[in-house]
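S.K.: Coordinates in query.cif, mmCIF, C-alpha atoms, are listed below.
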```
data_model
#
loop_
_atom_site.group_PDB
_atom_site.id
_atom_site.type_symbol
_atom_site.label_atom_id
_atom_site.label_comp_id
_atom_site.auth_asym_id
_atom_site.auth_seq_id
_atom_site.Cartn_x
_atom_site.Cartn_y
_atom_site.Cartn_z
ATOM 1 C CA MET A 1 -87.287 -45.877 1.633
ATOM 2 C CA ASN A 2 -84.136 -43.808 1.287
ATOM 3 C CA LYS A 3 -80.874 -45.652 0.723
ATOM 4 C CA PRO A 4 -77.998 -44.844 3.093
ATOM 5 C CA ILE A 5 -75.532 -42.400 1.583
ATOM 6 C CA ARG A 6 -72.063 -43.831 1.194
ATOM 7 C CA SER A 7 -68.998 -41.657 1.162
ATOM 8 C CA SER A 8 -67.398 -41.067 -2.198
ATOM 9 C CA ARG A 9 -64.334 -42.999 -1.036
ATOM 10 C CA SER A 10 -66.253 -46.149 -0.078
ATOM 11 C CA PHE A 11 -68.319 -45.930 -3.281
ATOM 12 C CA TRP A 12 -65.168 -45.601 -5.353
ATOM 13 C CA THR A 13 -63.523 -48.545 -3.567
ATOM 14 C CA ALA A 14 -66.557 -50.795 -3.962
ATOM 15 C CA ARG A 15 -67.034 -49.898 -7.588
ATOM 16 C CA ASN A 16 -63.392 -50.373 -8.572
ATOM 17 C CA ARG A 17 -62.491 -53.409 -6.463
ATOM 18 C CA GLY A 18 -62.712 -55.650 -9.496
ATOM 19 C CA HIS A 19 -60.725 -53.255 -11.639
ATOM 20 C CA LYS A 20 -57.910 -53.202 -9.054
ATOM 21 C CA THR A 21 -57.758 -56.972 -9.045
ATOM 22 C CA ALA A 22 -57.579 -57.076 -12.810
ATOM 23 C CA CYS A 23 -54.752 -54.540 -12.816
ATOM 24 C CA ALA A 24 -52.656 -56.263 -10.154
ATOM 25 C CA GLY A 25 -50.481 -57.972 -12.726
ATOM 26 C CA SER A 26 -49.834 -54.821 -14.749
ATOM 27 C CA TRP A 27 -49.086 -52.889 -11.507
ATOM 28 C CA SER A 28 -46.365 -55.344 -10.543
ATOM 29 C CA ARG A 29 -44.872 -55.007 -14.027
ATOM 30 C CA GLN A 30 -44.905 -51.213 -13.697
ATOM 31 C CA ARG A 31 -43.208 -51.433 -10.294
ATOM 32 C CA SER A 32 -40.512 -53.694 -11.760
ATOM 33 C CA LEU A 33 -39.979 -51.235 -14.600
ATOM 34 C CA ALA A 34 -39.679 -48.334 -12.129
ATOM 35 C CA THR A 35 -37.096 -50.286 -10.122
ATOM 36 C CA SER A 36 -35.045 -50.915 -13.267
ATOM 37 C CA LEU A 37 -35.266 -47.263 -14.212
ATOM 38 C CA CYS A 38 -34.010 -46.199 -10.751
ATOM 39 C CA ALA A 39 -31.076 -48.595 -11.032
ATOM 40 C CA ALA A 40 -30.194 -47.163 -14.444
ATOM 41 C CA LEU A 41 -30.306 -43.635 -13.055
ATOM 42 C CA LEU A 42 -28.012 -44.628 -10.187
ATOM 43 C CA CYS A 43 -25.498 -46.054 -12.657
ATOM 44 C CA TRP A 44 -25.676 -42.866 -14.728
ATOM 45 C CA SER A 45 -25.157 -40.799 -11.618
ATOM 46 C CA ALA A 46 -22.110 -42.861 -10.648
ATOM 47 C CA LEU A 47 -20.577 -42.435 -14.086
ATOM 48 C CA PHE A 48 -21.300 -38.753 -14.651
ATOM 49 C CA GLY A 49 -21.800 -37.398 -11.153
ATOM 50 C CA CYS A 50 -18.449 -35.563 -11.104
ATOM 51 C CA ALA A 51 -19.303 -33.531 -14.158
ATOM 52 C CA ALA A 52 -22.596 -32.441 -12.619
ATOM 53 C CA THR A 53 -20.830 -31.508 -9.369
ATOM 54 C CA ASP A 54 -18.260 -29.436 -11.223
ATOM 55 C CA ALA A 55 -20.956 -27.568 -13.135
ATOM 56 C CA THR A 56 -22.742 -26.759 -9.895
ATOM 57 C CA ALA A 57 -19.534 -25.521 -8.283
ATOM 58 C CA THR A 58 -18.670 -23.240 -11.183
ATOM 59 C CA SER A 59 -22.114 -21.686 -11.120
ATOM 60 C CA GLN A 60 -21.627 -20.525 -7.535
ATOM 61 C CA PRO A 61 -19.922 -17.137 -7.004
ATOM 62 C CA ALA A 62 -16.315 -17.286 -5.849
ATOM 63 C CA ARG A 63 -15.612 -16.250 -2.278
ATOM 64 C CA ALA A 64 -13.876 -12.940 -1.877
ATOM 65 C CA ALA A 65 -10.276 -13.122 -0.712
ATOM 66 C CA PRO A 66 -9.612 -11.869 2.825
ATOM 67 C CA ALA A 67 -8.773 -8.196 2.995
ATOM 68 C CA THR A 68 -5.243 -7.093 3.760
ATOM 69 C CA MET A 69 -4.596 -4.120 6.024
ATOM 70 C CA ARG A 70 -1.296 -2.323 6.478
ATOM 71 C CA VAL A 71 -0.267 0.563 8.705
ATOM 72 C CA ARG A 72 2.761 2.321 7.240
ATOM 73 C CA LEU A 73 4.664 5.535 7.749
ATOM 74 C CA ALA A 74 3.817 8.282 5.276
ATOM 75 C CA SER A 75 4.982 11.745 4.312
ATOM 76 C CA ASP A 76 3.700 14.662 2.296
ATOM 77 C CA ARG A 77 7.203 15.012 0.841
ATOM 78 C CA GLN A 78 9.257 12.636 -1.258
ATOM 79 C CA ARG A 79 11.533 10.374 0.760
ATOM 80 C CA ALA A 80 13.864 7.519 -0.117
ATOM 81 C CA GLY A 81 12.112 4.157 -0.018
ATOM 82 C CA TYR A 82 8.639 5.739 -0.097
ATOM 83 C CA ILE A 83 6.230 5.342 -3.001
ATOM 84 C CA LEU A 84 3.622 7.841 -4.141
ATOM 85 C CA MET A 85 0.044 6.743 -3.462
ATOM 86 C CA SER A 86 -3.268 8.568 -3.804
ATOM 87 C CA ASP A 87 -6.494 8.015 -1.921
ATOM 88 C CA ARG A 88 -9.915 7.974 -3.586
ATOM 89 C CA VAL A 89 -10.464 11.725 -3.268
ATOM 90 C CA GLY A 90 -7.137 12.541 -4.887
ATOM 91 C CA ARG A 91 -4.929 13.319 -1.863
ATOM 92 C CA SER A 92 -1.408 12.043 -2.446
ATOM 93 C CA TYR A 93 1.200 10.886 0.055
ATOM 94 C CA TYR A 94 4.532 9.164 -0.090
ATOM 95 C CA VAL A 95 4.081 5.864 1.720
ATOM 96 C CA SER A 96 6.750 3.589 3.134
ATOM 97 C CA ALA A 97 6.950 0.041 1.803
ATOM 98 C CA ARG A 98 7.580 -1.258 5.324
ATOM 99 C CA ASP A 99 4.617 -2.538 7.328
ATOM 100 C CA GLU A 100 4.392 -1.298 10.892
ATOM 101 C CA LEU A 101 1.175 -3.238 11.589
ATOM 102 C CA THR A 102 -0.851 -5.746 9.563
ATOM 103 C CA GLU A 103 -4.239 -7.434 9.760
ATOM 104 C CA ARG A 104 -2.701 -10.119 11.972
ATOM 105 C CA ASP A 105 -2.199 -7.509 14.685
ATOM 106 C CA VAL A 106 -5.936 -6.831 14.908
ATOM 107 C CA HIS A 107 -7.881 -8.545 17.681
ATOM 108 C CA LEU A 108 -11.295 -7.085 16.850
ATOM 109 C CA ALA A 109 -12.704 -4.859 14.108
ATOM 110 C CA ARG A 110 -16.046 -3.046 14.033
ATOM 111 C CA ALA A 111 -17.666 -0.890 11.354
ATOM 112 C CA TYR A 112 -19.292 2.424 12.238
ATOM 113 C CA HIS A 113 -21.391 4.561 9.924
ATOM 114 C CA ALA A 114 -21.875 8.320 9.957
ATOM 115 C CA GLN A 115 -23.939 10.396 7.561
ATOM 116 C CA ASN A 116 -21.158 11.060 5.063
ATOM 117 C CA ASP A 117 -18.493 8.554 6.031
ATOM 118 C CA SER A 118 -17.922 5.075 7.376
ATOM 119 C CA MET A 119 -15.012 3.876 9.446
ATOM 120 C CA VAL A 120 -13.590 0.723 10.963
ATOM 121 C CA GLU A 121 -12.446 0.629 14.559
ATOM 122 C CA LEU A 122 -9.392 -1.559 15.098
ATOM 123 C CA ILE A 123 -8.725 -3.018 18.529
ATOM 124 C CA LEU A 124 -5.143 -4.217 18.503
ATOM 125 C CA ARG A 125 -3.625 -7.219 20.227
ATOM 126 C CA PRO A 126 -1.622 -6.257 23.321
ATOM 127 C CA ALA A 127 1.827 -6.619 21.738
ATOM 128 C CA ALA A 128 0.670 -4.677 18.660
ATOM 129 C CA ALA A 129 -0.878 -1.998 20.871
ATOM 130 C CA ALA A 130 2.498 -1.501 22.579
ATOM 131 C CA ARG A 131 4.234 -1.199 19.188
ATOM 132 C CA PHE A 132 1.591 1.252 17.994
ATOM 133 C CA ALA A 133 2.082 3.383 21.115
ATOM 134 C CA THR A 134 5.836 3.518 20.467
ATOM 135 C CA LEU A 135 5.248 4.277 16.791
ATOM 136 C CA THR A 136 2.877 7.158 17.438
ATOM 137 C CA ARG A 137 5.080 8.555 20.200
ATOM 138 C CA GLU A 138 8.064 8.644 17.860
ATOM 139 C CA GLN A 139 6.082 9.972 14.904
ATOM 140 C CA VAL A 140 4.236 12.917 16.484
ATOM 141 C CA GLY A 141 3.893 15.523 13.748
ATOM 142 C CA SER A 142 4.294 12.893 11.007
ATOM 143 C CA TRP A 143 1.816 10.932 8.916
ATOM 144 C CA ILE A 144 0.769 7.318 9.103
ATOM 145 C CA ALA A 145 -1.113 5.642 6.273
ATOM 146 C CA PHE A 146 -3.764 2.928 6.298
ATOM 147 C CA VAL A 147 -3.458 0.743 3.211
ATOM 148 C CA VAL A 148 -6.213 -1.775 2.462
ATOM 149 C CA ASP A 149 -5.754 -4.311 -0.334
ATOM 150 C CA GLU A 150 -2.718 -2.289 -1.490
ATOM 151 C CA GLN A 151 -4.857 0.844 -1.903
ATOM 152 C CA LEU A 152 -4.332 3.962 0.191
ATOM 153 C CA VAL A 153 -7.553 4.495 2.144
ATOM 154 C CA SER A 154 -6.565 7.279 4.516
ATOM 155 C CA ALA A 155 -3.623 9.006 6.135
ATOM 156 C CA ALA A 156 -3.611 10.609 9.564
ATOM 157 C CA LEU A 157 -1.347 13.200 11.103
ATOM 158 C CA VAL A 158 -0.113 11.915 14.458
ATOM 159 C CA GLN A 159 -0.809 14.508 17.107
ATOM 160 C CA SER A 160 0.036 12.511 20.234
ATOM 161 C CA GLU A 161 0.921 9.040 21.427
ATOM 162 C CA ILE A 162 -1.929 6.553 21.076
ATOM 163 C CA HIS A 163 -1.639 4.143 23.977
ATOM 164 C CA SER A 164 -5.230 2.865 24.005
ATOM 165 C CA GLY A 165 -4.544 0.147 21.437
ATOM 166 C CA VAL A 166 -7.395 1.458 19.285
ATOM 167 C CA ALA A 167 -7.089 2.935 15.786
ATOM 168 C CA TYR A 168 -9.627 4.040 13.188
ATOM 169 C CA ILE A 169 -9.652 3.687 9.409
ATOM 170 C CA SER A 170 -11.907 6.330 7.872
ATOM 171 C CA GLY A 171 -12.781 7.268 4.301
ATOM 172 C CA LEU A 172 -14.630 4.042 3.507
ATOM 173 C CA ALA A 173 -17.945 3.410 1.796
ATOM 174 C CA PRO A 174 -20.467 1.599 4.034
ATOM 175 C CA GLN A 175 -20.124 -1.704 2.196
ATOM 176 C CA GLU A 176 -16.328 -1.471 2.253
ATOM 177 C CA ALA A 177 -16.317 -0.810 5.988
ATOM 178 C CA GLU A 178 -18.552 -3.809 6.660
ATOM 179 C CA ARG A 179 -16.462 -6.064 4.407
ATOM 180 C CA LEU A 180 -13.175 -4.940 5.943
ATOM 181 C CA ALA A 181 -14.411 -5.374 9.517
ATOM 182 C CA ALA A 182 -15.831 -8.821 8.755
ATOM 183 C CA SER A 183 -12.677 -9.883 6.927
ATOM 184 C CA LEU A 184 -10.348 -8.700 9.691
ATOM 185 C CA CYS A 185 -12.389 -10.585 12.284
ATOM 186 C CA LYS A 186 -11.999 -13.789 10.262
ATOM 187 C CA GLN A 187 -8.227 -13.561 9.837
ATOM 188 C CA GLN A 188 -6.221 -16.457 11.205
ATOM 189 C CA PRO A 189 -4.802 -15.669 14.651
ATOM 190 C CA SER A 190 -1.082 -15.727 15.275
ATOM 191 C CA SER A 191 0.514 -18.886 16.637
ATOM 192 C CA ASP A 192 0.498 -17.667 20.221
ATOM 193 C CA ASP A 193 -2.466 -16.726 22.362
ATOM 194 C CA PRO A 194 -4.474 -14.133 20.355
ATOM 195 C CA MET A 195 -4.846 -11.851 23.344
ATOM 196 C CA ARG A 196 -1.152 -11.859 24.134
ATOM 197 C CA GLY A 197 -0.331 -10.439 20.717
#
```
Would you put the structure from the file into structure tokens?
M.R.:
Amino acid sequence: MNKPIRSSRSFWTARNRGHKTACAGSWSRQRSLATSLCAALLCWSALFGCAATDATATSQPARAAPATMRVRLASDRQRAGYILMSDRVGRSYYVSARDELTERDVHLARAYHAQNDSMVELILRPAAAARFATLTREQVGSWIAFVVDEQLVSAALVQSEIHSGVAYISGLAPQEAERLAASLCKQQPSSDDPMRG
């Protein structure tokens, strides 16, 4: 007569029931030892946790500083109070040290990519848009420069008043355009309502 087949689990349990009982005492000692070890590790962590935290922090890459953006008057001729700056392709302009607009005047920035160039569209706050309209109206036939992180990125010849409140910074690499747009969008707003300028 065939014996009923027991599962491997029930066979193992039945066969080792006595062994488990014999090991109960040693198991409790092992559990006590594990508890003591955990307590020791907690004490170690409390004493030296700061050093471990510092090491972790230093291993992480530092965050890039927010980009700065300046709109300044420029000229192709030397003028008092202007400094000579060159863009990345070697074009040189004399650029005023006075800021007409800064990154704080930007309400929204978006990167656009063409085949050979990338640009950032700047949508200005209302008060800045009015100043930019006055600036471009008074400077028709003159140059304005876009300076990013104290580097001349591009200069544009003003051909007419720009009253739309929108400006474009061209001459950027794709990664630079994305970084600049993202950084300008994260800038702290001015103390008043951001849409009032």
S.K.: When you draw a straight line from atom CA of A:Arg91 to atom CA of A:Val147, how long is it in Å?
M.R.: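 Atom CA of A:Val147 lies 13.6 Å from atom CA of A:Arg91.
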S.K.: Counting only C-alpha atoms, find residues at most 12 Å from (-2.8, -2.1, -1.9) (file frame) and give them as a PyMOL selection string.
M.R.: chain A and resi 67-72+83+85-87+95+97+99+145-154
S.K.: Excluding A:Leu122 and residues on its chain fewer than 3 positions from it, collect all residues at most 6 Å away from it, counting only C-alpha atoms, and give them as a PDB file with C-alpha atoms, in the frame of the given file.
M.R.:
```
ATOM      1  CA  ALA A 109     -12.704  -4.859  14.108  1.00  0.00           C
ATOM      2  CA  VAL A 166      -7.395   1.458  19.285  1.00  0.00           C
ATOM      3  CA  ALA A 167      -7.089   2.935  15.786  1.00  0.00           C
ATOM      4  CA  TYR A 168      -9.627   4.040  13.188  1.00  0.00           C
TER       5      TYR A 168
END
```
S.K.: On this structure, the PyMOL selection byres ((chain A and resi 178-181) around 10) would catch which residues? List them as a ChimeraX atom specification, sorted by chain and number.
M.R.: /A:64,66-69,108-113,118-122,148-149,169,172-177,182-186
S.K.: Please produce a file of those selected residues containing C-alpha atoms, as a short mmCIF file (atom, residue, chain, number, x, y, z; two decimals), in the coordinates of the input.
M.R.:
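File produced: part_3.cif:
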```cif
data_model
loop_
_atom_site.label_atom_id
_atom_site.label_comp_id
_atom_site.auth_asym_id
_atom_site.auth_seq_id
_atom_site.Cartn_x
_atom_site.Cartn_y
_atom_site.Cartn_z
CA ALA A 64 -13.88 -12.94 -1.88
CA PRO A 66 -9.61 -11.87 2.82
CA ALA A 67 -8.77 -8.20 3.00
CA THR A 68 -5.24 -7.09 3.76
CA MET A 69 -4.60 -4.12 6.02
CA LEU A 108 -11.30 -7.08 16.85
CA ALA A 109 -12.70 -4.86 14.11
CA ARG A 110 -16.05 -3.05 14.03
CA ALA A 111 -17.67 -0.89 11.35
CA TYR A 112 -19.29 2.42 12.24
CA HIS A 113 -21.39 4.56 9.92
CA SER A 118 -17.92 5.08 7.38
CA MET A 119 -15.01 3.88 9.45
CA VAL A 120 -13.59 0.72 10.96
CA GLU A 121 -12.45 0.63 14.56
CA LEU A 122 -9.39 -1.56 15.10
CA VAL A 148 -6.21 -1.78 2.46
CA ASP A 149 -5.75 -4.31 -0.33
CA ILE A 169 -9.65 3.69 9.41
CA LEU A 172 -14.63 4.04 3.51
CA ALA A 173 -17.94 3.41 1.80
CA PRO A 174 -20.47 1.60 4.03
CA GLN A 175 -20.12 -1.70 2.20
CA GLU A 176 -16.33 -1.47 2.25
CA ALA A 177 -16.32 -0.81 5.99
CA ALA A 182 -15.83 -8.82 8.76
CA SER A 183 -12.68 -9.88 6.93
CA LEU A 184 -10.35 -8.70 9.69
CA CYS A 185 -12.39 -10.58 12.28
CA LYS A 186 -12.00 -13.79 10.26
#
```
S.K.: Residues near A:Val158, anyone? I mean within 8 Å using all atoms listed in the file, not counting same-chain ones fewer than 4 positions away, as a PyMOL selection string.
M.R.: chain A and resi 136+139-144
S.K.: Could you please determine the separation between atom CA of A:Leu124 and atom CA of A:Ser92 in Å, to one decimal place?
M.R.: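 If I compute the distance from atom CA of A:Leu124 to atom CA of A:Ser92, I get 26.8 Å.
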S.K.: Would you work out the distance separating atom CA of A:Arg79 from atom CA of A:Tyr94, expressed in Å to one decimal?
M.R.: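 Computed distance, atom CA of A:Arg79 to atom CA of A:Tyr94, equals 7.2 Å.
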S.K.: Nearest to A:Ser75 among A:Val106, A:Arg137, A:Asn116, A:Leu157, with distances taken over all atoms listed in the file: which residue is it?
M.R.: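 For A:Ser75, the nearest of the candidates is A:Leu157.
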